[in-house]
Amino acid sequence: LLEGRGFTQPTEPQRQLMPYILEGKNVLLISPTATGKTEAAMLPVFHRFLMSERKPGVSIIYITPLRALNRDILDRMTYWCSSLDIKLAVRHGDTTTRERNRQRQAPPDMLITTPETLQAILSGRVLRRFLKPLRWVIIDEIHELADNKRGSQLSIALERVKELSDEPPQLIGLSATIGSPEKVAQFLVGSGREVDIVQVSTTRNTTLDIIYPEPGPDDYELATKLFTHPEVASRLEVMRNLIEEHETTLIFTNTRSTSEMLASRFKIWDLDFPLSIHHGSLAKTSRIAAERGLKSGDLRTIVCTSSLELGIDIGAIDLVIQYNSPRQVTRLLQRVGRSGHSIGETAKGIIIALNSDDALESMVICRRALKEIMEPLVVPSQPYDVLVNQIVAEFMSRPRIYFLQAQTLFSRAYPFENLTEDDIKFVAKYMHDRFPRMAWVSEEDEVIIRPRGNRKTLYKYFFDNLSMIPDEKTYLVIDVTDESPVGILQEAFVAEYAKPGVKFVIRGSPWKILNIHNDKIYVRAEDDPTGAIPSWVGEEIPVPLEVALEVGRIKAMVEECVTEGRPQSEVISELAEIYPAREETIKRAVSE
């Protein structure tokens, strides 16, 4: 089986992680993308499962933060499970009713799901029973969950799962590079429980460079052709040359709008250029086509956002280009880690700086990345909205919960380890006082009771708020030629720009709005490249204070050099010794 999948010897993460799993220990693996983390966790779990007594129900749960990642894990696990006679299924928001019914009648041995769908499973009478034989829980890309309310909700769900299972399941976390391993490990297992950490270095085979292009005479001509500025044209030229020097390239941007801008300019330049686009506001079919196109070799480049940061299988990548500063060290390492896929190969990343501040910020981030100085990860401390959500979740299976019961259960979850009965009382009082009422509270009896006659309201609240991802009104964009979905637009952009006859860019191509009906925008492809680029809310990545302060120190050093009358070349060579950037980039960055 291993040879059939091309496994001749274990990767470093696999060699280090497998003994912990075989010994039954809770463990967190921190390792770069594409180092075989999934197999490192699953092969020993499959071994232990085959060696143990089989009971009807779900023995293994594999949780990922993205439905796209579920799809990818399903493809990878199908080979192993079909060969080892292990029943495998996937469950998330898109799972068909027929498949859900099949899972109720014959539960799989291994279930791949998302944090939100786990909430729904815990509320279902039939599926809850199937969690009794649960022995293993694997959380993939756990760093994407630990620092937000989705993770806070999942941490309580895991405690509820432990109460349902015959024995506490073994917990295995898989993470990309992070700055707070101990916090994430404790988040995985809950307050005060034992957990081991296996950390594999990320920067051992990593090269980073920064290019700050200067427009030349040709770029002014190209800018006219591409309906853009000469500075943008010079960056596009540099990126195109880099793409042509490599087999496969990922171009990461910090926002979806920037991705759309770059993809559209490349398409105007050369319609046949083998390039596509990938971000969370595109239709699922478009994203799958881009992933498969790169893997099969039909595409050479994808312009993408953080949607491809996670471990979706897109084949071997030779180069990662980061368009403007990545803002954070962890983000740069995750993105660059997508290149140099084969074990022993070098991960290669190049940052294209947009201005002098961008170049200085990139220099600081690259220096910190190669030294593995990463931003600390902050786990939210007992968010009350998650508590309300989880008390309602408990009401799905029981009519009442006592203050002490709630505090005991919830405080086992790491984000809620300092939870007091007063906190529970405060939240319960809110649920009692709001309209429509979500709970009756008796402070004398210290109990929270499910309201009678309000079951429908409660169910609606619970299933409308399964997810802790903030709601944002969206509109589905539909191509009238074949009635296929193109992507989604957010309300702010639609309110300002969307009227029949208006042109805009999505999927890197221009479209004309024909009409808008309810939540759907009907469009037709256009040749005119001058459409508006949509904006999507909440995308910008914050810059850590330490990075900003270090940029300030570079500026102070340059200012000191100028006031002392020292030659410019001296300070440039001093900075080149500290920062991994070519001298011409540093010279241009500090020149003003």
# chains A, B, ... in the order shown; residues from 1 in each chain; ligands from 1

call {"tool": "select_by_dssp", "arguments": {"residues": "region 151-265 of chain A", "states": "helix (DSSP H, G or I)", "output": "CSV table (one decimal) with all heavy atoms, in the first residue's frame"}}
result
chain,number,residue,atom,x,y,z
A,151,GLY,N,-12.8,28.6,16.8
A,151,GLY,CA,-12.1,27.7,17.6
A,151,GLY,C,-12.6,27.6,19.0
A,151,GLY,O,-12.7,26.5,19.6
A,152,SER,N,-13.1,28.8,19.6
A,152,SER,CA,-13.7,28.8,20.9
A,152,SER,C,-14.9,27.9,20.9
A,152,SER,O,-15.1,27.1,21.9
A,152,SER,CB,-14.1,30.2,21.3
A,152,SER,OG,-13.0,31.1,21.2
A,153,GLN,N,-15.7,28.0,19.9
A,153,GLN,CA,-16.9,27.1,19.8
A,153,GLN,C,-16.5,25.6,19.6
A,153,GLN,O,-17.1,24.8,20.3
A,153,GLN,CB,-17.7,27.5,18.5
A,153,GLN,CG,-19.0,26.8,18.4
A,153,GLN,CD,-19.6,27.0,17.0
A,153,GLN,OE1,-18.9,27.1,16.0
A,153,GLN,NE2,-20.9,27.2,17.0
A,154,LEU,N,-15.5,25.4,18.8
A,154,LEU,CA,-15.0,24.0,18.6
A,154,LEU,C,-14.5,23.4,19.9
A,154,LEU,O,-14.7,22.2,20.2
A,154,LEU,CB,-13.9,23.9,17.5
A,154,LEU,CG,-13.2,22.6,17.3
A,154,LEU,CD1,-14.2,21.5,16.8
A,154,LEU,CD2,-12.1,22.7,16.3
A,155,SER,N,-13.8,24.2,20.7
A,155,SER,CA,-13.2,23.7,22.0
A,155,SER,C,-14.2,23.2,22.9
A,155,SER,O,-14.0,22.2,23.6
A,155,SER,CB,-12.3,24.8,22.6
A,155,SER,OG,-13.1,25.9,23.1
A,156,ILE,N,-15.4,23.9,23.0
A,156,ILE,CA,-16.5,23.4,23.8
A,156,ILE,C,-17.1,22.2,23.2
A,156,ILE,O,-17.5,21.2,23.9
A,156,ILE,CB,-17.5,24.5,24.0
A,156,ILE,CG1,-16.9,25.6,24.9
A,156,ILE,CG2,-18.8,23.9,24.7
A,156,ILE,CD1,-17.9,26.8,25.3
A,157,ALA,N,-17.3,22.2,21.9
A,157,ALA,CA,-17.8,21.0,21.2
A,157,ALA,C,-17.0,19.7,21.5
A,157,ALA,O,-17.5,18.7,21.7
A,157,ALA,CB,-17.9,21.2,19.7
A,158,LEU,N,-15.7,19.9,21.5
A,158,LEU,CA,-14.8,18.7,21.8
A,158,LEU,C,-15.1,18.2,23.2
A,158,LEU,O,-15.0,17.0,23.5
A,158,LEU,CB,-13.3,19.1,21.6
A,158,LEU,CG,-12.9,19.4,20.2
A,158,LEU,CD1,-11.4,19.9,20.2
A,158,LEU,CD2,-13.0,18.1,19.4
A,159,GLU,N,-15.3,19.1,24.2
A,159,GLU,CA,-15.7,18.7,25.5
A,159,GLU,C,-17.0,18.0,25.6
A,159,GLU,O,-17.2,17.0,26.3
A,159,GLU,CB,-15.7,19.9,26.5
A,159,GLU,CG,-14.4,20.6,26.7
A,159,GLU,CD,-13.2,19.7,27.1
A,159,GLU,OE1,-13.5,18.8,27.9
A,159,GLU,OE2,-12.1,19.9,26.5
A,160,ARG,N,-17.9,18.4,24.8
A,160,ARG,CA,-19.2,17.7,24.7
A,160,ARG,C,-19.1,16.4,24.0
A,160,ARG,O,-19.7,15.4,24.4
A,160,ARG,CB,-20.2,18.6,23.9
A,160,ARG,CG,-20.6,19.9,24.7
A,160,ARG,CD,-21.3,20.9,23.8
A,160,ARG,NE,-22.6,20.4,23.3
A,160,ARG,CZ,-23.1,20.7,22.1
A,160,ARG,NH1,-22.5,21.5,21.3
A,160,ARG,NH2,-24.2,20.1,21.8
A,161,VAL,N,-18.2,16.3,23.0
A,161,VAL,CA,-17.9,15.0,22.4
A,161,VAL,C,-17.3,14.0,23.4
A,161,VAL,O,-17.7,12.8,23.5
A,161,VAL,CB,-16.9,15.2,21.2
A,161,VAL,CG1,-16.3,13.8,20.8
A,161,VAL,CG2,-17.7,15.8,20.0
A,162,LYS,N,-16.4,14.5,24.2
A,162,LYS,CA,-15.7,13.6,25.2
A,162,LYS,C,-16.8,13.1,26.2
A,162,LYS,O,-16.6,11.9,26.7
A,162,LYS,CB,-14.7,14.4,26.0
A,162,LYS,CG,-13.4,14.7,25.2
A,162,LYS,CD,-12.5,15.7,25.9
A,162,LYS,CE,-11.5,16.3,24.9
A,162,LYS,NZ,-10.7,17.4,25.5
A,163,GLU,N,-17.8,13.9,26.5
A,163,GLU,CA,-18.8,13.4,27.5
A,163,GLU,C,-19.7,12.3,26.8
A,163,GLU,O,-20.2,11.4,27.5
A,163,GLU,CB,-19.8,14.5,27.8
A,163,GLU,CG,-19.1,15.5,28.8
A,163,GLU,CD,-20.2,16.2,29.7
A,163,GLU,OE1,-21.3,16.4,29.3
A,163,GLU,OE2,-19.9,16.4,30.9
A,164,LEU,N,-19.8,12.3,25.5
A,164,LEU,CA,-20.6,11.3,24.8
A,164,LEU,C,-19.9,10.0,24.6
A,164,LEU,O,-20.5,8.9,24.6
A,164,LEU,CB,-21.1,11.8,23.4
A,164,LEU,CG,-22.1,12.9,23.4
A,164,LEU,CD1,-22.3,13.5,22.0
A,164,LEU,CD2,-23.4,12.4,24.0
A,181,PRO,N,3.3,27.6,20.3
A,181,PRO,CA,3.0,26.2,20.3
A,181,PRO,C,2.3,25.7,21.5
A,181,PRO,O,1.3,24.9,21.4
A,181,PRO,CB,4.3,25.5,20.1
A,181,PRO,CG,5.2,26.5,19.6
A,181,PRO,CD,4.7,27.8,20.1
A,182,GLU,N,2.7,26.1,22.7
A,182,GLU,CA,2.1,25.7,24.0
A,182,GLU,C,0.6,26.0,24.1
A,182,GLU,O,-0.2,25.2,24.5
A,182,GLU,CB,2.9,26.2,25.2
A,182,GLU,CG,4.3,25.7,25.3
A,182,GLU,CD,5.3,26.4,24.4
A,182,GLU,OE1,4.9,27.5,23.8
A,182,GLU,OE2,6.4,25.9,24.2
A,183,LYS,N,0.3,27.2,23.6
A,183,LYS,CA,-1.1,27.7,23.7
A,183,LYS,C,-2.0,26.8,22.8
A,183,LYS,O,-3.1,26.4,23.1
A,183,LYS,CB,-1.2,29.1,23.3
A,183,LYS,CG,-0.9,30.1,24.4
A,183,LYS,CD,-1.2,31.5,24.0
A,183,LYS,CE,-0.8,32.6,25.0
A,183,LYS,NZ,-0.9,33.9,24.5
A,184,VAL,N,-1.5,26.6,21.6
A,184,VAL,CA,-2.3,25.8,20.6
A,184,VAL,C,-2.4,24.4,21.1
A,184,VAL,O,-3.5,23.8,20.9
A,184,VAL,CB,-1.6,25.9,19.2
A,184,VAL,CG1,-2.4,25.0,18.2
A,184,VAL,CG2,-1.6,27.3,18.7
A,185,ALA,N,-1.4,23.8,21.7
A,185,ALA,CA,-1.4,22.5,22.2
A,185,ALA,C,-2.5,22.4,23.3
A,185,ALA,O,-3.2,21.4,23.3
A,185,ALA,CB,0.0,22.0,22.7
A,186,GLN,N,-2.5,23.4,24.2
A,186,GLN,CA,-3.5,23.3,25.3
A,186,GLN,C,-4.9,23.5,24.8
A,186,GLN,O,-5.8,23.0,25.2
A,186,GLN,CB,-3.1,24.4,26.3
A,186,GLN,CG,-3.3,24.0,27.8
A,186,GLN,CD,-2.7,22.7,28.2
A,186,GLN,OE1,-1.5,22.6,28.2
A,186,GLN,NE2,-3.4,21.7,28.5
A,187,PHE,N,-5.0,24.4,23.7
A,187,PHE,CA,-6.3,24.6,23.0
A,187,PHE,C,-6.8,23.2,22.5
A,187,PHE,O,-8.0,22.9,22.6
A,187,PHE,CB,-6.1,25.6,21.9
A,187,PHE,CG,-7.3,25.7,20.9
A,187,PHE,CD1,-8.4,26.4,21.2
A,187,PHE,CD2,-7.3,24.9,19.8
A,187,PHE,CE1,-9.5,26.5,20.4
A,187,PHE,CE2,-8.3,25.0,18.9
A,187,PHE,CZ,-9.4,25.8,19.2
A,188,LEU,N,-5.9,22.4,22.0
A,188,LEU,CA,-6.3,21.1,21.4
A,188,LEU,C,-6.9,20.2,22.4
A,188,LEU,O,-7.9,19.6,22.2
A,188,LEU,CB,-5.0,20.5,20.7
A,188,LEU,CG,-5.1,19.0,20.3
A,188,LEU,CD1,-6.0,18.9,19.1
A,188,LEU,CD2,-3.7,18.5,20.0
A,189,VAL,N,-6.2,20.1,23.6
A,189,VAL,CA,-6.6,19.1,24.5
A,189,VAL,C,-7.5,19.6,25.6
A,189,VAL,O,-8.2,18.8,26.3
A,189,VAL,CB,-5.4,18.4,25.2
A,189,VAL,CG1,-4.6,17.6,24.1
A,189,VAL,CG2,-4.5,19.3,25.9
A,217,PRO,N,11.3,52.8,-19.6
A,217,PRO,CA,10.5,53.3,-20.8
A,217,PRO,C,9.5,52.4,-21.3
A,217,PRO,O,8.4,52.8,-21.7
A,217,PRO,CB,11.6,53.6,-21.8
A,217,PRO,CG,12.9,53.7,-21.0
A,217,PRO,CD,12.7,52.8,-19.8
A,218,ASP,N,9.8,51.1,-21.4
A,218,ASP,CA,8.9,50.1,-21.9
A,218,ASP,C,7.6,49.9,-21.1
A,218,ASP,O,6.5,49.6,-21.6
A,218,ASP,CB,9.5,48.7,-22.1
A,218,ASP,CG,10.7,48.7,-23.1
A,218,ASP,OD1,10.8,49.7,-23.9
A,218,ASP,OD2,11.4,47.7,-23.1
A,219,ASP,N,7.8,50.2,-19.8
A,219,ASP,CA,6.6,50.0,-18.9
A,219,ASP,C,5.6,51.1,-19.1
A,219,ASP,O,4.4,50.8,-18.8
A,219,ASP,CB,7.1,50.0,-17.4
A,219,ASP,CG,8.0,48.8,-17.1
A,219,ASP,OD1,7.7,47.7,-17.5
A,219,ASP,OD2,9.1,49.0,-16.5
A,220,TYR,N,6.0,52.2,-19.5
A,220,TYR,CA,5.0,53.3,-19.8
A,220,TYR,C,4.1,52.9,-21.0
A,220,TYR,O,2.9,53.1,-21.0
A,220,TYR,CB,5.7,54.6,-20.1
A,220,TYR,CG,6.2,55.3,-18.8
A,220,TYR,CD1,7.5,54.9,-18.3
A,220,TYR,CD2,5.5,56.2,-18.1
A,220,TYR,CE1,7.9,55.4,-17.1
A,220,TYR,CE2,5.9,56.8,-16.9
A,220,TYR,CZ,7.2,56.4,-16.4
A,220,TYR,OH,7.6,56.9,-15.3
A,221,GLU,N,4.7,52.2,-22.0
A,221,GLU,CA,4.0,51.8,-23.2
A,221,GLU,C,3.1,50.6,-22.8
A,221,GLU,O,1.9,50.6,-23.1
A,221,GLU,CB,5.0,51.3,-24.2
A,221,GLU,CG,4.4,51.1,-25.6
A,221,GLU,CD,5.5,50.7,-26.6
A,221,GLU,OE1,6.6,51.2,-26.6
A,221,GLU,OE2,5.2,49.7,-27.3
A,222,LEU,N,3.6,49.7,-21.9
A,222,LEU,CA,2.8,48.5,-21.5
A,222,LEU,C,1.6,49.0,-20.6
A,222,LEU,O,0.5,48.4,-20.7
A,222,LEU,CB,3.7,47.6,-20.7
A,222,LEU,CG,3.1,46.3,-20.1
A,222,LEU,CD1,2.5,45.4,-21.3
A,222,LEU,CD2,4.1,45.5,-19.3
A,223,ALA,N,1.9,50.0,-19.8
A,223,ALA,CA,0.8,50.5,-18.9
A,223,ALA,C,-0.4,51.0,-19.7
A,223,ALA,O,-1.5,50.8,-19.3
A,223,ALA,CB,1.4,51.6,-18.0
A,224,THR,N,-0.1,51.7,-20.8
A,224,THR,CA,-1.2,52.2,-21.7
A,224,THR,C,-2.0,51.0,-22.2
A,224,THR,O,-3.3,51.0,-22.3
A,224,THR,CB,-0.6,53.0,-22.9
A,224,THR,OG1,0.3,53.9,-22.4
A,224,THR,CG2,-1.7,53.7,-23.7
A,225,LYS,N,-1.3,49.9,-22.7
A,225,LYS,CA,-2.0,48.7,-23.2
A,225,LYS,C,-2.8,48.0,-22.2
A,225,LYS,O,-3.9,47.5,-22.5
A,225,LYS,CB,-0.9,47.8,-23.8
A,225,LYS,CG,-1.4,46.5,-24.4
A,225,LYS,CD,-0.2,45.6,-24.8
A,225,LYS,CE,-0.7,44.2,-25.2
A,225,LYS,NZ,0.4,43.3,-25.4
A,230,PRO,N,2.3,52.8,-14.8
A,230,PRO,CA,3.7,52.3,-15.2
A,230,PRO,C,4.3,51.5,-14.0
A,230,PRO,O,4.9,50.4,-14.3
A,230,PRO,CB,4.5,53.5,-15.4
A,230,PRO,CG,3.5,54.6,-15.8
A,230,PRO,CD,2.3,54.3,-15.0
A,231,GLU,N,4.1,51.9,-12.8
A,231,GLU,CA,4.6,51.1,-11.6
A,231,GLU,C,4.0,49.7,-11.6
A,231,GLU,O,4.7,48.7,-11.4
A,231,GLU,CB,4.3,51.8,-10.3
A,231,GLU,CG,5.1,53.1,-10.1
A,231,GLU,CD,4.4,54.3,-10.8
A,231,GLU,OE1,3.3,54.1,-11.4
A,231,GLU,OE2,5.1,55.4,-10.8
A,232,VAL,N,2.7,49.6,-11.8
A,232,VAL,CA,2.0,48.3,-11.8
A,232,VAL,C,2.5,47.5,-13.0
A,232,VAL,O,2.8,46.3,-12.9
A,232,VAL,CB,0.5,48.4,-11.9
A,232,VAL,CG1,-0.2,47.1,-12.0
A,232,VAL,CG2,0.0,49.2,-10.7
A,233,ALA,N,2.7,48.1,-14.2
A,233,ALA,CA,3.2,47.4,-15.4
A,233,ALA,C,4.6,46.8,-15.1
A,233,ALA,O,4.9,45.7,-15.5
A,233,ALA,CB,3.2,48.4,-16.6
A,234,SER,N,5.5,47.6,-14.4
A,234,SER,CA,6.8,47.1,-14.2
A,234,SER,C,6.8,45.9,-13.2
A,234,SER,O,7.5,44.9,-13.4
A,234,SER,CB,7.7,48.2,-13.5
A,234,SER,OG,7.2,48.5,-12.2
A,235,ARG,N,5.8,45.9,-12.3
A,235,ARG,CA,5.7,44.7,-11.4
A,235,ARG,C,5.2,43.5,-12.2
A,235,ARG,O,5.6,42.3,-12.0
A,235,ARG,CB,4.7,45.0,-10.2
A,235,ARG,CG,5.3,46.0,-9.2
A,235,ARG,CD,4.2,46.4,-8.2
A,235,ARG,NE,4.3,47.8,-7.9
A,235,ARG,CZ,3.3,48.6,-7.7
A,235,ARG,NH1,2.1,48.1,-7.8
A,235,ARG,NH2,3.5,49.9,-7.4
A,236,LEU,N,4.2,43.7,-13.1
A,236,LEU,CA,3.7,42.6,-13.9
A,236,LEU,C,4.7,42.0,-14.8
A,236,LEU,O,4.8,40.8,-14.9
A,236,LEU,CB,2.5,43.1,-14.7
A,236,LEU,CG,1.2,43.5,-14.0
A,236,LEU,CD1,0.3,44.3,-14.9
A,236,LEU,CD2,0.5,42.3,-13.5
A,237,GLU,N,5.6,42.9,-15.3
A,237,GLU,CA,6.7,42.4,-16.2
A,237,GLU,C,7.7,41.5,-15.4
A,237,GLU,O,8.1,40.5,-15.8
A,237,GLU,CB,7.5,43.7,-16.7
A,237,GLU,CG,8.6,43.3,-17.6
A,237,GLU,CD,8.4,43.7,-19.0
A,237,GLU,OE1,8.0,44.9,-19.3
A,237,GLU,OE2,8.6,42.9,-19.9
A,238,VAL,N,8.0,42.0,-14.2
A,238,VAL,CA,8.9,41.2,-13.3
A,238,VAL,C,8.3,39.8,-13.0
A,238,VAL,O,8.9,38.8,-13.1
A,238,VAL,CB,9.3,41.9,-12.0
A,238,VAL,CG1,9.9,41.0,-11.0
A,238,VAL,CG2,10.2,43.1,-12.3
A,239,MET,N,7.0,39.8,-12.7
A,239,MET,CA,6.3,38.6,-12.3
A,239,MET,C,6.2,37.7,-13.5
A,239,MET,O,6.4,36.4,-13.4
A,239,MET,CB,4.9,38.9,-11.7
A,239,MET,CG,5.0,39.5,-10.3
A,239,MET,SD,3.4,39.5,-9.4
A,239,MET,CE,2.6,40.9,-10.3
A,240,ARG,N,5.9,38.2,-14.7
A,240,ARG,CA,5.8,37.4,-15.9
A,240,ARG,C,7.1,36.7,-16.2
A,240,ARG,O,7.2,35.5,-16.5
A,240,ARG,CB,5.3,38.2,-17.0
A,240,ARG,CG,5.1,37.3,-18.3
A,240,ARG,CD,4.3,38.0,-19.3
A,240,ARG,NE,4.1,37.0,-20.5
A,240,ARG,CZ,3.3,37.2,-21.4
A,240,ARG,NH1,2.5,38.2,-21.5
A,240,ARG,NH2,3.2,36.3,-22.4
A,241,ASN,N,8.2,37.5,-16.0
A,241,ASN,CA,9.6,36.9,-16.3
A,241,ASN,C,9.8,35.7,-15.3
A,241,ASN,O,10.4,34.7,-15.7
A,241,ASN,CB,10.7,37.9,-16.2
A,241,ASN,CG,10.6,38.9,-17.3
A,241,ASN,OD1,10.0,38.6,-18.4
A,241,ASN,ND2,11.1,40.1,-17.1
A,242,LEU,N,9.5,35.9,-14.0
A,242,LEU,CA,9.7,34.9,-13.0
A,242,LEU,C,8.8,33.7,-13.3
A,242,LEU,O,9.3,32.5,-13.1
A,242,LEU,CB,9.3,35.4,-11.6
A,242,LEU,CG,10.3,36.5,-11.0
A,242,LEU,CD1,9.7,37.1,-9.8
A,242,LEU,CD2,11.6,35.8,-10.6
A,243,ILE,N,7.6,33.9,-13.7
A,243,ILE,CA,6.7,32.8,-14.0
A,243,ILE,C,7.3,31.9,-15.2
A,243,ILE,O,7.3,30.7,-15.2
A,243,ILE,CB,5.3,33.3,-14.4
A,243,ILE,CG1,4.6,33.9,-13.2
A,243,ILE,CG2,4.4,32.2,-15.1
A,243,ILE,CD1,3.4,34.7,-13.5
A,244,GLU,N,7.8,32.6,-16.2
A,244,GLU,CA,8.4,31.9,-17.4
A,244,GLU,C,9.7,31.2,-17.1
A,244,GLU,O,10.0,30.2,-17.8
A,244,GLU,CB,8.5,32.9,-18.5
A,244,GLU,CG,7.2,33.3,-19.1
A,244,GLU,CD,7.2,34.4,-20.2
A,244,GLU,OE1,8.3,35.0,-20.3
A,244,GLU,OE2,6.2,34.6,-20.8
A,245,GLU,N,10.3,31.6,-16.0
A,245,GLU,CA,11.6,30.9,-15.6
A,245,GLU,C,11.3,29.6,-14.7
A,245,GLU,O,12.2,28.9,-14.4
A,245,GLU,CB,12.5,31.8,-14.8
A,245,GLU,CG,13.1,32.9,-15.6
A,245,GLU,CD,13.7,34.0,-14.7
A,245,GLU,OE1,13.9,33.8,-13.5
A,245,GLU,OE2,14.0,35.1,-15.2
A,256,ARG,N,-8.7,39.9,-2.0
A,256,ARG,CA,-9.3,39.4,-3.2
A,256,ARG,C,-9.3,40.4,-4.3
A,256,ARG,O,-9.1,40.1,-5.5
A,256,ARG,CB,-10.7,38.9,-2.9
A,256,ARG,CG,-10.8,37.8,-1.9
A,256,ARG,CD,-12.2,37.6,-1.4
A,256,ARG,NE,-12.1,37.1,0.0
A,256,ARG,CZ,-13.2,36.8,0.7
A,256,ARG,NH1,-14.4,36.8,0.2
A,256,ARG,NH2,-13.1,36.3,1.9
A,257,SER,N,-9.5,41.7,-4.0
A,257,SER,CA,-9.5,42.7,-5.0
A,257,SER,C,-8.2,42.8,-5.7
A,257,SER,O,-8.1,43.0,-7.0
A,257,SER,CB,-9.8,44.1,-4.3
A,257,SER,OG,-10.9,44.0,-3.5
A,258,THR,N,-7.1,42.7,-5.0
A,258,THR,CA,-5.7,42.7,-5.6
A,258,THR,C,-5.6,41.5,-6.6
A,258,THR,O,-5.0,41.6,-7.7
A,258,THR,CB,-4.6,42.7,-4.6
A,258,THR,OG1,-4.9,43.7,-3.6
A,258,THR,CG2,-3.3,43.0,-5.2
A,259,SER,N,-6.1,40.3,-6.1
A,259,SER,CA,-6.0,39.1,-7.0
A,259,SER,C,-6.7,39.4,-8.3
A,259,SER,O,-6.2,39.0,-9.4
A,259,SER,CB,-6.6,37.9,-6.3
A,259,SER,OG,-5.8,37.5,-5.2
A,260,GLU,N,-7.9,39.9,-8.2
A,260,GLU,CA,-8.7,40.2,-9.4
A,260,GLU,C,-8.0,41.2,-10.3
A,260,GLU,O,-8.0,41.0,-11.5
A,260,GLU,CB,-10.1,40.8,-9.0
A,260,GLU,CG,-11.0,39.7,-8.3
A,260,GLU,CD,-11.6,38.7,-9.3
A,260,GLU,OE1,-11.3,38.8,-10.5
A,260,GLU,OE2,-12.3,37.8,-8.8
A,261,MET,N,-7.4,42.2,-9.7
A,261,MET,CA,-6.7,43.2,-10.5
A,261,MET,C,-5.6,42.6,-11.3
A,261,MET,O,-5.4,42.8,-12.5
A,261,MET,CB,-6.2,44.4,-9.6
A,261,MET,CG,-5.5,45.5,-10.3
A,261,MET,SD,-3.8,45.2,-10.6
A,261,MET,CE,-3.1,45.2,-9.0
A,262,LEU,N,-4.7,41.8,-10.6
A,262,LEU,CA,-3.6,41.2,-11.2
A,262,LEU,C,-4.0,40.2,-12.3
A,262,LEU,O,-3.5,40.2,-13.4
A,262,LEU,CB,-2.7,40.4,-10.2
A,262,LEU,CG,-1.9,41.3,-9.2
A,262,LEU,CD1,-1.1,40.4,-8.3
A,262,LEU,CD2,-1.0,42.2,-9.9
A,263,ALA,N,-5.0,39.3,-12.0
A,263,ALA,CA,-5.4,38.3,-13.0
A,263,ALA,C,-6.0,39.0,-14.2
A,263,ALA,O,-5.8,38.6,-15.4
A,263,ALA,CB,-6.5,37.4,-12.4
A,264,SER,N,-6.8,40.1,-14.0
A,264,SER,CA,-7.4,40.8,-15.2
A,264,SER,C,-6.3,41.4,-16.0
A,264,SER,O,-6.4,41.4,-17.3
A,264,SER,CB,-8.4,41.8,-14.7
A,264,SER,OG,-7.8,42.8,-14.0
A,265,ARG,N,-5.3,42.0,-15.4
A,265,ARG,CA,-4.2,42.7,-16.2
A,265,ARG,C,-3.4,41.6,-17.0
A,265,ARG,O,-3.1,41.9,-18.2
A,265,ARG,CB,-3.3,43.5,-15.3
A,265,ARG,CG,-3.9,44.7,-14.6
A,265,ARG,CD,-4.7,45.6,-15.4
A,265,ARG,NE,-6.1,45.3,-15.1
A,265,ARG,CZ,-7.2,46.0,-15.5
A,265,ARG,NH1,-6.9,47.1,-16.2
A,265,ARG,NH2,-8.4,45.7,-15.3

call {"tool": "residues_around", "arguments": {"residues": "region 113-128 of chain A", "least_positions_apart": "2", "cutoff": "7 Å", "atoms": "only C-alpha atoms", "output": "VMD selection string"}}
result
chain A and resid 62 to 67 70 90 to 93 104 111 130 to 131 154 157 393 396 to 397 466 to 467

call {"tool": "closest_residue", "arguments": {"among": "A:Ser339, A:Gln105, A:Asn148, A:Thr420", "to": "Val386 (chain A)", "atoms": "only C-alpha atoms"}}
result
A:Asn148

call {"tool": "closest_atom_pairs", "arguments": {"of": "region 62-142 of chain A", "to": "region 276-298 of chain A", "cutoff": "12 Å", "atoms": "only C-alpha atoms", "output": "CSV"}}
result
residue,atom,partner,partner_atom,distance
A:Leu66,CA,A:Gly280,CA,10.2
A:Arg67,CA,A:Lys284,CA,10.0
A:Ala68,CA,A:Ile288,CA,8.4
A:Leu69,CA,A:Ile288,CA,11.1
A:Arg71,CA,A:Ile288,CA,9.8
A:Asp72,CA,A:Ile288,CA,10.1
A:Asp94,CA,A:Lys284,CA,11.0

call {"tool": "closest_residue", "arguments": {"among": "A:Gly565, A:Pro542, A:Gly216, A:Pro500", "to": "Asn254 (chain A)", "atoms": "only C-alpha atoms"}}
result
A:Pro542

call {"tool": "closest_atom_pairs", "arguments": {"of": "region 200-235 of chain A", "to": "region 360-363 of chain A", "cutoff": "12 Å", "atoms": "only C-alpha atoms", "output": "tab-separated table"}}
result
residue	atom	partner	partner_atom	distance
A:Leu208	CA	A:Met363	CA	9.7
A:Asp209	CA	A:Met363	CA	8.7
A:Ile210	CA	A:Ser362	CA	7.2
A:Ile211	CA	A:Ser362	CA	9.8
A:Tyr212	CA	A:Leu360	CA	10.2

call {"tool": "closest_residue", "arguments": {"among": "A:Phe403, A:Trp440, A:Tyr461, A:Tyr323", "to": "Asp422 (chain A)", "atoms": "only C-alpha atoms"}}
result
A:Phe403

call {"tool": "closest_residue", "arguments": {"among": "A:Asp527, A:Glu550, A:Asp358, A:Asp479", "to": "Lys267 (chain A)", "atoms": "only C-alpha atoms"}}
result
A:Asp527

call {"tool": "closest_residue", "arguments": {"among": "A:Glu375, A:Glu472, A:Glu12, A:Asp385", "to": "Ser201 (chain A)", "atoms": "only C-alpha atoms"}}
result
A:Glu12

call {"tool": "atom_distance", "arguments": {"atom1": "CA of Leu489 (chain A)", "atom2": "CA of Thr474 (chain A)"}}
result
5.6 Å

call {"tool": "closest_residue", "arguments": {"among": "A:Ile268, A:Val198, A:Ile513, A:Val58", "to": "Phe227 (chain A)", "atoms": "only C-alpha atoms"}}
result
A:Ile268
